Each structure stands twice: as structure tokens, then as C-alpha cells.
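So this one's input_29.txt, compact mmCIF, C-alpha atoms:
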# COMPACT_ATOMS: atom_id res chain seq x y z
CA SER L 3 183.57 108.79 -48.61
CA GLN L 4 183.72 105.33 -47.18
CA THR L 5 182.41 102.71 -49.56
CA ILE L 6 181.73 99.03 -49.19
CA HIS L 7 181.85 96.82 -52.26
CA GLN L 8 180.31 93.38 -52.30
CA TRP L 9 180.44 90.87 -55.12
CA PRO L 10 178.93 89.03 -56.68
CA ALA L 11 175.60 90.77 -56.22
CA THR L 12 173.68 87.64 -57.14
CA LEU L 13 174.75 84.02 -57.11
CA VAL L 14 172.98 80.72 -57.80
CA GLN L 15 174.93 77.68 -56.67
CA PRO L 16 174.12 73.95 -56.47
CA VAL L 17 174.11 72.13 -53.17
CA GLY L 18 177.58 70.87 -52.29
CA SER L 19 179.44 73.49 -54.33
CA PRO L 20 181.92 75.95 -52.80
CA LEU L 21 181.23 79.60 -52.05
CA SER L 22 183.27 82.75 -52.00
CA LEU L 23 181.71 86.14 -51.32
CA GLU L 24 184.03 89.11 -51.24
CA CYS L 25 183.79 92.43 -49.50
CA THR L 26 186.19 95.32 -49.77
CA VAL L 27 186.11 98.63 -47.99
CA GLU L 28 187.46 101.96 -49.20
CA GLY L 29 188.30 105.16 -47.39
CA THR L 30 189.16 103.83 -43.96
CA SER L 31 191.94 101.88 -42.29
CA ASN L 32 191.69 99.12 -39.70
CA PRO L 33 187.91 98.95 -39.72
CA ASN L 34 185.85 96.37 -37.89
CA LEU L 35 184.26 94.17 -40.55
CA TYR L 36 181.15 92.05 -40.30
CA TRP L 37 179.23 89.39 -42.21
CA TYR L 38 175.50 89.13 -41.63
CA ARG L 39 172.97 86.80 -43.19
CA GLN L 40 169.39 87.78 -43.74
CA ALA L 41 167.12 84.82 -44.37
CA ALA L 42 163.54 85.38 -45.42
CA GLY L 43 161.50 86.57 -42.45
CA ARG L 44 164.34 86.08 -39.99
CA GLY L 45 166.04 89.42 -39.64
CA LEU L 46 169.80 89.75 -39.51
CA GLN L 47 172.06 87.10 -38.08
CA LEU L 48 175.63 88.05 -37.19
CA LEU L 49 177.90 85.39 -38.69
CA PHE L 50 181.43 86.71 -38.29
CA TYR L 51 183.23 89.85 -37.28
CA SER L 52 186.84 90.89 -37.53
CA VAL L 53 188.78 93.57 -35.68
CA GLY L 54 191.96 93.16 -37.74
CA ILE L 55 193.87 91.14 -40.31
CA GLY L 56 193.65 87.44 -39.56
CA GLN L 57 191.37 88.02 -36.56
CA ILE L 58 187.99 86.38 -37.01
CA SER L 59 185.28 85.81 -34.44
CA SER L 60 182.50 83.40 -35.23
CA GLU L 61 179.08 83.95 -33.78
CA VAL L 62 177.29 80.91 -35.13
CA PRO L 63 178.89 77.48 -35.76
CA GLN L 64 178.05 76.30 -39.26
CA ASN L 65 179.62 75.29 -42.53
CA LEU L 66 180.68 78.85 -43.35
CA SER L 67 184.04 80.43 -42.66
CA ALA L 68 185.50 83.90 -42.99
CA SER L 69 188.94 85.26 -43.68
CA ARG L 70 190.55 88.68 -43.67
CA PRO L 71 193.69 88.48 -45.79
CA GLN L 72 194.06 92.25 -46.05
CA ASP L 73 193.01 95.17 -43.87
CA ARG L 74 190.12 96.15 -46.11
CA GLN L 75 189.10 92.75 -47.44
CA PHE L 76 186.70 90.31 -45.84
CA ILE L 77 185.80 87.02 -47.48
CA LEU L 78 182.98 84.62 -46.67
CA SER L 79 183.50 81.03 -47.79
CA SER L 80 182.08 77.59 -47.73
CA LYS L 81 183.50 74.28 -48.94
CA LYS L 82 180.07 72.70 -49.46
CA LEU L 83 176.89 74.72 -49.58
CA LEU L 84 173.64 73.59 -48.01
CA LEU L 85 170.14 74.59 -49.04
CA SER L 86 169.81 76.42 -45.74
CA ASP L 87 172.70 78.70 -46.73
CA SER L 88 170.40 80.58 -49.10
CA GLY L 89 169.86 84.17 -48.13
CA PHE L 90 170.94 87.75 -48.42
CA TYR L 91 174.49 88.29 -47.19
CA LEU L 92 175.50 91.69 -45.98
CA CYS L 93 178.98 92.97 -45.32
CA ALA L 94 179.35 95.86 -42.91
CA ARG L 95 182.12 97.98 -41.50
CA GLY L 96 182.41 99.75 -38.16
CA ARG L 97 184.59 102.29 -36.44
CA GLY L 98 182.50 105.36 -36.84
CA SER L 99 181.41 107.52 -33.91
CA GLY L 100 179.55 105.46 -31.40
CA ASN L 101 180.69 102.37 -33.25
CA THR L 102 178.00 102.81 -35.87
CA ILE L 103 178.20 100.22 -38.61
CA TYR L 104 177.51 100.78 -42.28
CA PHE L 105 176.37 98.21 -44.78
CA GLY L 106 177.18 97.23 -48.31
CA GLU L 107 174.46 96.55 -50.85
CA GLY L 108 174.41 92.82 -50.17
CA SER L 109 174.81 89.58 -52.10
CA TRP L 110 171.89 87.31 -52.90
CA LEU L 111 172.77 83.62 -52.65
CA THR L 112 170.37 80.95 -53.81
CA VAL L 113 171.40 77.36 -53.26
CA VAL L 114 169.55 74.95 -55.52
CA ALA B 23 175.15 87.94 -26.12
CA GLN B 24 172.69 90.75 -26.44
CA SER B 25 169.19 90.14 -27.73
CA VAL B 26 166.82 92.53 -29.41
CA THR B 27 163.07 92.03 -29.62
CA GLN B 28 160.90 93.76 -32.16
CA LEU B 29 157.42 92.94 -31.05
CA ASP B 30 155.63 93.62 -34.31
CA SER B 31 156.68 91.79 -37.45
CA GLN B 32 154.26 93.74 -39.67
CA VAL B 33 152.71 97.15 -39.17
CA PRO B 34 150.19 98.49 -41.70
CA VAL B 35 149.31 102.16 -41.33
CA PHE B 36 147.45 104.69 -43.43
CA GLU B 37 149.29 107.54 -45.06
CA GLU B 38 149.68 110.62 -42.85
CA ALA B 39 148.85 108.62 -39.71
CA PRO B 40 151.36 108.32 -36.85
CA VAL B 41 153.33 105.14 -36.30
CA GLU B 42 155.35 103.55 -33.52
CA LEU B 43 157.65 100.59 -34.06
CA ARG B 44 158.61 98.87 -30.85
CA CYS B 45 162.03 97.65 -29.80
CA ASN B 46 163.21 96.12 -26.54
CA TYR B 47 166.65 94.86 -25.69
CA SER B 48 168.02 92.66 -22.96
CA SER B 49 171.20 93.87 -21.40
CA SER B 50 172.71 94.43 -18.01
CA VAL B 51 175.40 96.69 -19.43
CA SER B 52 175.41 100.06 -21.10
CA VAL B 53 174.60 99.96 -24.76
CA TYR B 54 174.43 101.96 -27.92
CA LEU B 55 171.11 101.71 -29.76
CA PHE B 56 170.33 102.09 -33.44
CA TRP B 57 167.52 101.99 -35.95
CA TYR B 58 168.18 101.02 -39.54
CA VAL B 59 165.88 101.02 -42.58
CA GLN B 60 166.05 98.59 -45.47
CA TYR B 61 164.34 99.23 -48.79
CA PRO B 62 163.66 96.21 -51.03
CA ASN B 63 166.76 94.43 -52.31
CA GLN B 64 169.10 96.96 -50.72
CA GLY B 65 171.47 97.10 -47.80
CA LEU B 66 170.62 98.82 -44.54
CA GLN B 67 170.78 102.56 -43.95
CA LEU B 68 171.20 104.20 -40.59
CA LEU B 69 168.08 106.10 -39.47
CA LEU B 70 169.24 107.26 -36.07
CA LYS B 71 171.28 106.26 -33.06
CA TYR B 72 171.42 106.78 -29.33
CA LEU B 73 174.89 107.09 -27.82
CA SER B 74 174.38 109.26 -24.75
CA GLY B 75 172.72 112.46 -23.58
CA SER B 76 169.14 113.30 -24.43
CA THR B 77 166.94 110.25 -24.48
CA LEU B 78 164.97 111.59 -27.45
CA VAL B 79 166.91 111.14 -30.65
CA LYS B 80 165.94 112.61 -34.00
CA GLY B 81 166.93 110.95 -37.24
CA ILE B 82 166.47 111.27 -40.96
CA ASN B 83 163.13 111.36 -42.78
CA GLY B 84 161.27 112.76 -39.77
CA PHE B 85 161.79 109.71 -37.53
CA GLU B 86 162.63 109.91 -33.85
CA ALA B 87 163.18 107.39 -31.09
CA GLU B 88 163.17 107.52 -27.32
CA PHE B 89 165.56 105.60 -25.12
CA ASN B 90 163.98 104.30 -21.92
CA LYS B 91 166.56 102.67 -19.73
CA SER B 92 164.15 101.42 -17.06
CA GLN B 93 162.07 99.64 -19.68
CA THR B 94 165.06 98.73 -21.85
CA SER B 95 163.20 100.06 -24.85
CA PHE B 96 164.04 102.17 -27.88
CA HIS B 97 160.80 102.69 -29.79
CA LEU B 98 160.78 104.41 -33.16
CA ARG B 99 158.10 106.97 -34.01
CA LYS B 100 156.96 109.20 -36.80
CA PRO B 101 154.01 111.61 -36.44
CA SER B 102 152.88 111.37 -40.07
CA VAL B 103 154.03 108.62 -42.42
CA HIS B 104 154.48 108.81 -46.16
CA ILE B 105 154.15 106.16 -48.84
CA SER B 106 157.93 106.25 -49.25
CA ASP B 107 158.34 105.08 -45.64
CA THR B 108 157.24 101.59 -46.66
CA ALA B 109 160.27 99.44 -45.80
CA GLU B 110 161.75 97.02 -43.29
CA TYR B 111 162.98 98.58 -40.05
CA PHE B 112 165.60 97.02 -37.79
CA CYS B 113 166.54 97.87 -34.25
CA ALA B 114 170.12 97.10 -33.20
CA VAL B 115 172.24 97.19 -30.07
CA SER B 116 175.94 97.13 -29.37
CA ASP B 117 177.85 96.93 -26.14
CA ARG B 118 179.39 100.27 -25.13
CA ASP B 119 182.54 98.70 -23.77
CA THR B 120 183.52 96.50 -26.70
CA GLY B 121 181.38 97.86 -29.51
CA ASN B 122 182.57 95.07 -31.75
CA GLN B 123 179.37 93.08 -31.95
CA PHE B 124 176.13 94.38 -33.30
CA TYR B 125 172.90 92.50 -32.70
CA PHE B 126 169.75 93.11 -34.67
CA GLY B 127 166.10 92.41 -34.07
CA THR B 128 164.07 90.39 -36.55
CA GLY B 129 162.71 93.51 -38.19
CA THR B 130 159.36 95.21 -38.60
CA SER B 131 157.81 95.52 -42.01
CA LEU B 132 156.07 98.88 -42.27
CA THR B 133 153.47 99.19 -45.01
CA VAL B 134 151.96 102.61 -45.62
CA ILE B 135 148.52 102.38 -47.18
CA PRO B 136 147.39 105.20 -49.47
Show me this structure written as C-alpha cells.
Amino acid sequence: SQTIHQWPATLVQPVGSPLSLECTVEGTSNPNLYWYRQAAGRGLQLLFYSVGIGQISSEVPQNLSASRPQDRQFILSSKKLLLSDSGFYLCARGRGSGNTIYFGEGSWLTVV
Amino acid sequence: AQSVTQLDSQVPVFEEAPVELRCNYSSSVSVYLFWYVQYPNQGLQLLLKYLSGSTLVKGINGFEAEFNKSQTSFHLRKPSVHISDTAEYFCAVSDRDTGNQFYFGTGTSLTVIP
């Protein structure tokens, strides 16, 4: 089976602190990988996607960045968090039939 | 970029009644269409998808959706809802040619009332 691991599951960070959310995928090679943010009442916002190692496309300019150091690893980072960065962050992978994407269980970030 | 509009942010419905959740997309190119369900504090699960062929697509848990190209719509329906269907539902679209970017609507919160 193809599994997506996200950690940490829950994180509380002060404003101005750094962030690192990690996502790893099992059971598939060269997947498309995605980071979405789900803010309260706002649906899902595509932040970044990657079609291969070192290849990152940014959808929304902001103080977040993403990296893909390995084929099955996707990292979301920030040097200085803002209050508005709070939300539910979802990692997803693609490359199924019809380019279906599948989601991990998400990481809750609260910036205080 | 694609955009997806879910016209209803909240839909309350009584148990065993039918429901329709609306989704419209804006695109001048061919697309794949999806519906996902999200239960509280969980990730999203795929309900169904339209890739090609029959415009009526059947998914899990008794849901179905109909692709209407002329109206650029992909509405989700269920003839008789259950308490366990209470969840957030998201419509999504991806471009057929690239398929790399997925765009989601803002979601519809379905509440089934006993």
C-alpha cells in the first residue's frame, strides 16, 4: 500500500519561530508531492507542489518554503512564523490513475 | 489557474433525505474532476472521480456525481443520507494535460440531522 506519513501531528509555535513539517511517502517512486493549507472556513489552498527531487513550484508567495531533498520526502519550512500561518497542513501525493492525489493525516499548526 | 466554486458552505439535511452538493469549475481546457470527503481532524479521502466516459460517476458510500461539460458542473448527490455522512466535502479539479496541480473548492459542510 502507499502510505503518507506526516509529522509532527500537532505543533504549537510562537510567532517568529522557525517551522519544519515533514512528509514522507512509502510504496511509490517519483511521486508528485503537494503541500496544502486548510485554514478555518477557507477550504484547501495549494502551497507547493513538486514533480521531482529539487523541483518545487510555489503557488502562493509567502513566508513559507518547501524542499524535496529525497524522492519520497517533502519538507515545509519557515524561518519566522506569523499568526496567519496557523492552520491544518496536508501533504499529498499524486501519480495514480487519472492523476488522483491522496492525502496524509495532516499536521495542526497553531502559532501563538 | 483553475478555480472551483462550491456554492453552499453549509448544507443541513434530515436523515434518509436526498442531498445535492454543488460544484462548478472555470476552465477552458479538459479537466479531471474529483470529490473528497473529510471527517473531523482527518485528512481527505477520495469519494469519486471523473476521468472520461460516462458522465455519471458512482463512488463510495452510495454517492454519485454527474459531469456536465456545458454547465462546467460536477454536482455530488446521494438519494438517502445517513448520520455517518456528516463531514466536509471538497470538489477538486486538475488539468488533463499537466495533471500536476490540483485545485479545491472551499468545501461544503454537510450536517445530517437525526
If you take only C-alpha atoms and a cut-off of 6 Å, which residues of chain B touch chain L, and what are their nearest atom pairs and distances in Å to one decimal, in chain and number order, as a Markdown table?
| residue | atom | partner | partner_atom | distance |
| --- | --- | --- | --- | --- |
| B:Gln64 | CA | L:Glu107 | CA | 5.4 |
| B:Gly65 | CA | L:Glu107 | CA | 4.3 |
| B:Leu66 | CA | L:Phe105 | CA | 5.8 |
| B:Gly121 | CA | L:Asn101 | CA | 5.9 |
| B:Phe126 | CA | L:Leu46 | CA | 5.9 |
| B:Thr128 | CA | L:Gly45 | CA | 3.8 |
| B:Gly129 | CA | L:Gly45 | CA | 5.5 |
- Task: Could you give me, as a ChimeraX atom specification, the residues that sit within 9 Å of (192.0, 94.1, -53.0) in the file's coordinates, counting only C-alpha atoms?
- Result: /L:26-27,72,74-75
- Task: Would you mind listing what lies within 12 Å of Leu78 in chain B as a ChimeraX atom specification, with all atoms listed in the file counted and same-chain residues fewer than 2 positions away left out?
- Result: /B:55,70-76,80-81,85-91,95-99
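CA of Gln60 in chain B to CA of Ala42 in chain L spans 13.4 Å [interatomic distance, one decimal].
Using all atoms listed in the file, the contacts of Ser116 in chain B at a cut-off of 7 Å, with sequence neighbours closer than 5 positions omitted, comprise Val53, Tyr54, Leu55, Gly121, Gln123, Phe124 and Tyr125 of chain B.
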- Message: Rounded to one decimal, what separation in Å do you get between CA of Ser22 in chain L and CA of Gln8 in chain L?
- Response: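 Calculated distance between CA of Ser22 in chain L and CA of Gln8 in chain L is 11.0 Å.
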Test item: axis-aligned box, all listed atoms of range 85-94 of chain L, 4 Å on each side, centre and edges in Å rounded to one decimal, as lines of an AutoDock Vina configuration file:
center_x = 174.6
center_y = 85.2
center_z = -46.0
size_x = 17.5
size_y = 29.3
size_z = 14.2
- Task: Would you please work out which residue, of L:Ala11, L:Leu84, L:Leu111, L:Ile58, is nearest to Asn122 in chain B when using all atoms listed in the file?
- Result: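 Of L:Ala11, L:Leu84, L:Leu111, L:Ile58, the one nearest Asn122 in chain B, counting all atoms listed in the file, is L:Ile58.
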- Query: When distances are computed from only C-alpha atoms, which of L:Arg70, L:Pro10, L:Arg95, L:Gly56 shows the smallest separation from Thr30 in chain L?
  - Reply: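 For Thr30 in chain L, the nearest of the candidates is L:Arg95.
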